[in-house]
Amino acid sequence: MSWQILIMFAVGGVLTLIGAGLLLALTRPAGPAKVYVYRMVGIMAVSGGIVLAMSAAAMWDWSAVS
């Protein structure tokens with residue numbers, strides 16, 4: 001596994017954790033603007049992390065075949 005793939009997995013994990021933290025922060029009462037921003041950024045970070053991890057897994061698989 002190359003460094004590029006490890007970095008992609010690490011960044012994907014960090015994005016997913018940050019997004020999950022933002023979504024979990026919505027359990028506390030907050031104003032409508034904060035709820036909107038936390039929801040949008042949280043969902044985008046979680047989905048970005050998942051897509052980045054899937055891309056890293058695909059790169060890992062493709063590099064193992066060669």
# chains A, B, ... in the order shown; residues from 1 in each chain; ligands from 1
$ residues_around --residues "A:Asp61" --least-positions-apart "6" --cutoff "12 Å" --atoms "only C-alpha atoms" --output "list in words"
Met1, Ser2, Ile5, Met54 and Ser55 of chain A
$ residues_around --residues "A:Gly21" --least-positions-apart "2" --cutoff "12 Å" --atoms "only C-alpha atoms" --output "list in words"
Val14, Leu15, Thr16, Leu17, Ile18, Gly19, Leu23, Leu24, Ala25, Leu26, Thr27, Tyr38, Arg39, Val41, Gly42, Ile43, Ala45 and Val46 of chain A
$ closest_residue --among "A:Gly49, A:Tyr36, A:Pro29, A:Met44" --to "A:Gly12" --atoms "only C-alpha atoms"
A:Gly49
$ atom_distance --atom1 "atom CA of A:Arg28" --atom2 "atom CA of A:Ser47"
22.5 Å
$ select_by_dssp --residues "chain A" --states "alpha helix (DSSP H)" --output "MDAnalysis selection string"
chainID A and resid 3:24 32:65
$ atom_distance --atom1 "atom CA of A:Phe9" --atom2 "atom CA of A:Gly48"
11.5 Å
$ closest_residue --among "A:Leu6, A:Leu22, A:Val11, A:Ala53" --to "A:Met40" --atoms "only C-alpha atoms"
A:Leu22
$ atom_distance --atom1 "atom CA of A:Gly13" --atom2 "atom CA of A:Ala56"
11.2 Å
$ closest_residue --among "A:Val37, A:Ala30, A:Met8, A:Ala64" --to "A:Val51" --atoms "only C-alpha atoms"
A:Met8
$ closest_residue --among "A:Val35, A:Ala20, A:Ala58, A:Leu52" --to "A:Ile7" --atoms "only C-alpha atoms"
A:Leu52
